[in-house]
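Student: Following this message is one structure expressed as structure tokens.
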Amino acid sequence: MSPHADPLHHRRVWWKEATFYQIYPASFKDSDGDGWGDIPGILQRIDYIASLGVDVVWLSPMFDSPQIDMGYDISDYENVYAPYGTVEDVERLIDACHKNHMKIILDLVINHTSDQHAWFKESRSSKENPKRDWYFWQPACYDEHGNRMSPTNWRSYFAGGTWTWDEHTQEYYLHLYDSSQPDLNWENEECRQAIYDSAMRFWLNKGIDGFRVDTVNKYSKVLPFRDAPITDSTNYIQPAAEMWCNGPRIHEFIKEMNRDVLSHYRTYDDQPVVTVGELSLCSETDSVIPYVSAIQRELDMVFQFDITHLGQGPPGCNDKYDFAPWKLPEMKRIVEKWQCFIEGTDAWTTVFNENHDNGRSVSRYANDSPEWRTHSAKMLALWLIGQTGTLFLYQGQEIGMINAPKDWDMSEYKDVESKNYWAEAIRLTEDGTDFTRKDRIRHGLQLMARDHARLPFQWDGTKNAGFTSGEESWMRVHDDYREINAAAQEKDEESVLAFYRRVLRLRKEHRDVFVYGTFELVDAENDDTFVFRKRYQDKTALVALNFTTQAQPLPEGELETMDLLVSSYAKVVPGRLQPLEGRIYINYPNQF
């Protein structure tokens with residue numbers, strides 16, 4: 001397709017032009033002083049959310065749960081974790097979003113349940129129970145010395161193995177994540193139908209507008225179970241994603257979910273409901289297209305995680321938090337790949353650089369020192385709003401929240417994955433297997449751990465950042481909350497918050513070129529600046545971003561025929577980008 005052609009395949013649909021705002025309920029706003037965020041707290045701040053100019057609220061899991069994995073271990077799909085509120089509170093939130101002209105989607109966590117879910121309790125009660133086959137159970141293996149071994153050598157996402165021994169029934173059960181999160185057996189049709197009723201229809205019938213679909217490409221396992229190839233000779237357990245990711249029946253399962261459930265529902269304003277899938281471990285574009293091709297009728301769009309995995313090892317790998325330094329051209333190639341892969345297709349893409357599973361973008365991709373963090377946040381905002389696809393923001397991103405301070409003790413990290421990787425690092429350091437591992441993993445967690453996104457939202461400069469009126473919050477509040485908070489930024493026309501509101505309006509105003517335009521990378525090997533063009537028919541935008549703390553030259557030539565649409569600085573300097581400055585230039589059809 002010519003870069004000037006009208007991308008006819010990219011049919012205009014509401015969710016393509018929408019900005020989604022992810023809320024992590026534990027950390028957004030506590031209404032009752034118990035230290036946990038809750039649904040009434042979100043309702044208290046609904047005017048703030050609407051004022052951002054976002055179109056959809058994505059509510060992370062608020063379902064009943066033991067909270068081993070912060071709600072991604074669900075014990076009852078049809079109930080709400082009591083500290084978050086009630087089903088009626090969620091119904092009020094649905095109504096409040098709709099009254100404020102916003103849609104709302106929930107997390108759909110259906111690869112696994114909690115081990116406290118009634119389904120699993122029945123499944124583990126006996127080998128003869130009707131729900132035994134709703135999960136994966138396998139007998140033990142034995143080595144040449146008669147020692148009991150797990151059925152396979154797979155490594156889990158959270159470090160350790162993927163099988164846990166159940167003493168009562170004398171078999172192992174499978175869990176790709178924590179041992180408290182047994183995997184559901186999608187091969188069992190009765191199990192699938194129960195998932196559709198309990199996890200999906202129950203909430204769709206209450207008026208939600210779609211789902212973010214958790215771990216969407218892991219429902220189909222390679223059967224019969226077998227060991228993964230040995231790629232780490234120091235361990236029995238091995239990375240094994242090829243055994244459970246993009247399995248043989250995965251597209252059949254997603255098509256069924258769409259055909260039998262989702263296609264029968266509409267949004268509050270009579271539009272198609274939306275799905276966005278969490279699609280990890282899909283590094284090739286050809287493996288992503290089948291999930292998001294409109295004609296395939298599976299998912300509307302997916303999160304592909306190359307950008308948030310920059311500097312990480314792959315999920316499920318021993319080296320996930322063993323940070324690998326990177327340079328700007330590597331980031332550019334990732335963005336270019338996932339911007340361009342939809343051209344000439346009926347597929348769609350997403351734009352994001354933060355979520356509940358990653359460190360803060362200012363700390364990871366720019367500079368979070370007091371001198372530069374505001375400039376960094378604004379520059380990164382322009383990086384996002386200029387890209388093609390559906391835009392997703394994470395709570396606190398709009399005020400430039402940053403990672404936890406590096407001088408915090410590792411005991412402040414609450415996430416199950418962080419704790420497991422840290423415990424493993426201590427063990428491997430102290431037993432002499434890897435003498436420097438503890439220092440390396442500490443550095444990686446300080447930069448990339450999931451905990452950073454889960455620090456309480458910084459509402460104001462009062463105690464506990466205005467997150468809770470109680471004495472303590474479930475997780476420590478950032479030390480810099482007096483300098484970085486929403487209340488202070490509401491009063492400042494040059495704040496990160498004001499800038500986000502402005503550029504989100506500009507993205508809507510110029511949706512043709514920003515949301516639907518084709519992407520063209522400029523000066524791919526430049527280590528200091530990231531420049532790209534966007535084209536839609538005869539309209540062109542140029543996005544120029546300086547990722548350094550030194551002034552950098554602007555591209556020469558074409559800017560003479562373009563207008564400056566926006567800069568992240570209040571005053572621009574001709575011919576050069578100031579430190580950590582972002583700019584967007586634009587020309588209009590028939591302007592000259």
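Following the order of the structure tokens, chains are lettered A, B, ..., residues in each are numbered from 1, and ligands are numbered from 1.
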Could you build a table of the residues in region 150-263 of chain A lying no more than 12 Å from region 128-133 of chain A, giving for each the nearest pair of atoms and their separation in Å rounded to one decimal place, using only C-alpha atoms, ordered by chain and ascending residue number, as CSV?
Tutor:
```
residue,atom,partner,partner_atom,distance
A:Thr169,CA,A:Glu128,CA,10.1
A:Glu171,CA,A:Arg132,CA,11.4
A:Tyr173,CA,A:Arg132,CA,10.5
A:Leu174,CA,A:Asp133,CA,11.9
A:Asp183,CA,A:Asp133,CA,11.0
A:Leu184,CA,A:Asp133,CA,8.8
A:Asn185,CA,A:Asp133,CA,6.9
A:Trp186,CA,A:Asp133,CA,9.6
A:Glu187,CA,A:Asp133,CA,8.9
A:Asn188,CA,A:Asp133,CA,6.9
A:Glu189,CA,A:Asp133,CA,10.2
A:Glu190,CA,A:Lys131,CA,9.0
A:Cys191,CA,A:Lys131,CA,8.1
A:Arg192,CA,A:Asp133,CA,11.5
A:Ala194,CA,A:Lys131,CA,11.0
```
Student: Given only C-alpha atoms, how would the per-residue table for region 333-363 of chain A near region 403-418 of chain A read, listing every residue at most 8 Å away with its closest atom pair and distance in Å to one decimal, sorted by chain and number, as CSV?
Tutor:
```
residue,atom,partner,partner_atom,distance
A:Gly359,CA,A:Asn403,CA,6.3
A:Arg360,CA,A:Asn403,CA,5.5
A:Ser363,CA,A:Asn403,CA,6.0
```
Student: Name the residues of region 93-202 of chain A that come out as strand (DSSP E or B) in a backbone DSSP run; write them as a list of chain:residue names.
Tutor: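 Going through region 93-202 of chain A, the strand (DSSP E or B) residues come out as A:Lys103, A:Ile104, A:Ile105, A:Leu106, A:Asp107, A:Leu108, A:His112, A:Tyr135, A:Trp137, A:Gln138, A:Cys141, A:Tyr142, A:Arg148, A:Met149, A:Trp154, A:Arg155, A:Gly161, A:Trp163, A:Thr164, A:Trp165, A:Asp166, A:Glu171, A:Tyr172, A:Tyr173, A:Leu174, A:Asp183, A:Leu184.
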Student: Give me, as a ChimeraX atom specification, all polymer residues having an atom no more than 9 Å from region 330-336 of chain A, counting only C-alpha atoms and skipping those fewer than 3 positions away in the same chain.
Tutor: /A:306-307,310,326-327,339-341,387,519-521,524-525,530-531
Student: At a cut-off of 7 Å, using only C-alpha atoms, what residues contact region 374-385 of chain A? Leave out same-chain residues fewer than 4 positions from it and give the result as a short mmCIF file (atom, residue, chain, number, x, y, z; two decimals) with N, CA, C and O atoms, in the first residue's frame.
Tutor:
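Wrote it out as result-v6.cif, contents follow:
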```
data_model
loop_
_atom_site.label_atom_id
_atom_site.label_comp_id
_atom_site.auth_asym_id
_atom_site.auth_seq_id
_atom_site.Cartn_x
_atom_site.Cartn_y
_atom_site.Cartn_z
N VAL A 351 -1.26 0.98 21.22
CA VAL A 351 -0.16 1.88 21.57
C VAL A 351 -0.15 2.02 23.09
O VAL A 351 -1.15 2.44 23.69
N PHE A 352 0.96 1.67 23.73
CA PHE A 352 1.07 1.79 25.19
C PHE A 352 2.52 1.66 25.58
O PHE A 352 3.34 1.10 24.84
N VAL A 362 8.62 6.76 32.53
CA VAL A 362 9.60 7.83 32.72
C VAL A 362 10.91 7.24 33.26
O VAL A 362 12.00 7.63 32.83
N ALA A 366 13.21 7.10 29.88
CA ALA A 366 13.68 8.48 29.83
C ALA A 366 14.50 8.76 31.08
O ALA A 366 15.42 8.01 31.40
N ASN A 367 14.16 9.83 31.82
CA ASN A 367 15.00 10.25 32.95
C ASN A 367 14.08 10.70 34.08
O ASN A 367 13.35 11.68 33.94
N GLY A 400 2.79 11.75 35.52
CA GLY A 400 4.22 11.48 35.48
C GLY A 400 4.75 10.72 36.67
O GLY A 400 5.89 10.95 37.11
N VAL A 496 2.35 18.07 33.77
CA VAL A 496 2.19 16.87 32.95
C VAL A 496 0.70 16.59 32.74
O VAL A 496 0.27 16.23 31.64
N PHE A 499 -0.74 18.83 30.18
CA PHE A 499 -0.22 18.48 28.87
C PHE A 499 -0.93 17.26 28.30
O PHE A 499 -1.30 17.21 27.12
N TYR A 500 -1.16 16.25 29.13
CA TYR A 500 -1.88 15.06 28.66
C TYR A 500 -3.28 15.43 28.18
O TYR A 500 -3.75 14.93 27.15
N ARG A 507 -5.02 14.55 19.61
CA ARG A 507 -5.09 13.23 18.97
C ARG A 507 -6.48 13.01 18.37
O ARG A 507 -6.61 12.48 17.26
N PHE A 514 -3.08 10.59 13.11
CA PHE A 514 -2.47 9.97 14.28
C PHE A 514 -2.99 8.55 14.52
O PHE A 514 -2.20 7.63 14.76
N LEU A 545 11.51 13.57 18.71
CA LEU A 545 11.67 13.33 20.15
C LEU A 545 13.15 13.25 20.50
O LEU A 545 13.91 12.48 19.88
N SER A 568 6.63 19.94 23.81
CA SER A 568 6.56 19.65 25.24
C SER A 568 7.21 20.75 26.07
O SER A 568 7.15 20.71 27.30
N LEU A 580 15.30 16.41 26.21
CA LEU A 580 14.07 15.64 26.45
C LEU A 580 12.83 16.40 25.96
O LEU A 580 11.76 16.33 26.58
N GLU A 581 12.97 17.06 24.84
CA GLU A 581 11.84 17.74 24.23
C GLU A 581 11.20 16.87 23.16
O GLU A 581 11.89 16.14 22.44
N GLY A 582 9.90 16.94 23.06
CA GLY A 582 9.17 16.34 21.96
C GLY A 582 8.39 17.40 21.21
O GLY A 582 7.90 18.37 21.80
#
```
Student: Would you tabulate, counting only C-alpha atoms, all residues of region 223-289 of chain A that have an atom at most 12 Å from an atom of region 94-112 of chain A, showing the closest pair of atoms and their distance in Å to one decimal, sorted by chain then ascending number, as a tab-separated table?
Tutor:
```
residue	atom	partner	partner_atom	distance
A:Trp244	CA	A:Asn111	CA	10.8
A:Cys245	CA	A:Asn111	CA	11.4
A:Ile250	CA	A:Asn111	CA	11.5
A:Phe253	CA	A:Asn111	CA	11.7
A:Ile254	CA	A:Ile110	CA	11.6
A:Met257	CA	A:Ile110	CA	11.4
A:Arg266	CA	A:Lys103	CA	11.3
A:Thr267	CA	A:Lys103	CA	7.7
A:Tyr268	CA	A:His98	CA	7.1
A:Asp269	CA	A:His98	CA	8.7
A:Asp270	CA	A:Lys103	CA	11.4
A:Gln271	CA	A:Lys103	CA	10.5
A:Pro272	CA	A:Lys103	CA	11.6
A:Val273	CA	A:Ile105	CA	9.0
A:Val274	CA	A:Ile105	CA	8.1
A:Thr275	CA	A:Ile105	CA	8.6
A:Val276	CA	A:Ile105	CA	9.7
A:Gly277	CA	A:Leu108	CA	9.3
A:Glu278	CA	A:Leu108	CA	10.1
```
Student: With only C-alpha atoms as the counted atoms, please give the residues lying no more than 8 Å from Asp64 (chain A), apart from itself and same-chain residues fewer than 2 positions off, as a list in words.
Tutor: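 Contacts, in chain order: Met62, Pro66, Gly71, Ile74, Ser75, Asp76, Tyr77, Glu78, Asn79, Val80, Tyr81 and Ala82 of chain A.
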Student: Between A:Val213, A:Ala486, A:Ala347, A:Leu447, single out the one closest to Tyr321 (chain A), counting only C-alpha atoms.
Tutor: A:Leu447
Student: Which one is closest to Thr429 (chain A): A:Leu281, A:Arg442, A:Arg450, A:Leu504? Count only C-alpha atoms.
Tutor: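 Closest to Thr429 (chain A), using only C-alpha atoms: A:Arg442.
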Student: Contacts of Lys16 (chain A) at 7 Å or less, counting only C-alpha atoms, minus same-chain residues fewer than 4 places along, as a PyMOL selection string?
Tutor: chain A and resi 12+389-390
Student: Take the residues just selected and output them with C-alpha atoms as a JSON list (two decimals), in the first residue's frame.
Tutor:
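File produced: selection.json:
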```json
[["chain", "number", "residue", "atom", "x", "y", "z"],
["A", 12, "ARG", "CA", -13.33, 3.24, 11.39],
["A", 389, "GLY", "CA", -3.53, 2.31, 16.83],
["A", 390, "THR", "CA", -5.67, 2.35, 19.96]]
```
Student: Of the candidates A:Met200, A:Ala50, A:Arg501, A:Ile402, which one gets nearest to Asp368 (chain A) if we count only C-alpha atoms?
Tutor: A:Ile402
Student: Using Å and a single decimal, report how far CA of Asp357 (chain A) sits from CA of Tyr135 (chain A).
Tutor: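 Separation of CA of Tyr135 (chain A) and CA of Asp357 (chain A): 25.8 Å.
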Student: Determine, counting only C-alpha atoms, which protein, DNA and RNA residues have an atom within 9 Å of an atom of Leu52 (chain A); residues of the same chain fewer than 3 positions away are not included. Present the result as a list in words.
Tutor: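 In the requested format, the answer is Asp47, Tyr48, Ile49, Glu398, Leu497, Ala498, Tyr500, Arg501, Arg502 and Leu504 of chain A.
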Student: Give me, please, the distance in Å between CA of Asn246 (chain A) and CA of Asp209 (chain A), quoted to one decimal.
Tutor: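 Taking CA of Asn246 (chain A) as the start and CA of Asp209 (chain A) as the end point, the length is 26.3 Å.
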Student: Identify all residues of region 51-121 of chain A in alpha helix (DSSP H) (DSSP on the backbone) and supply them as a PyMOL selection string.
Tutor: chain A and resi 51+87-99+118-121
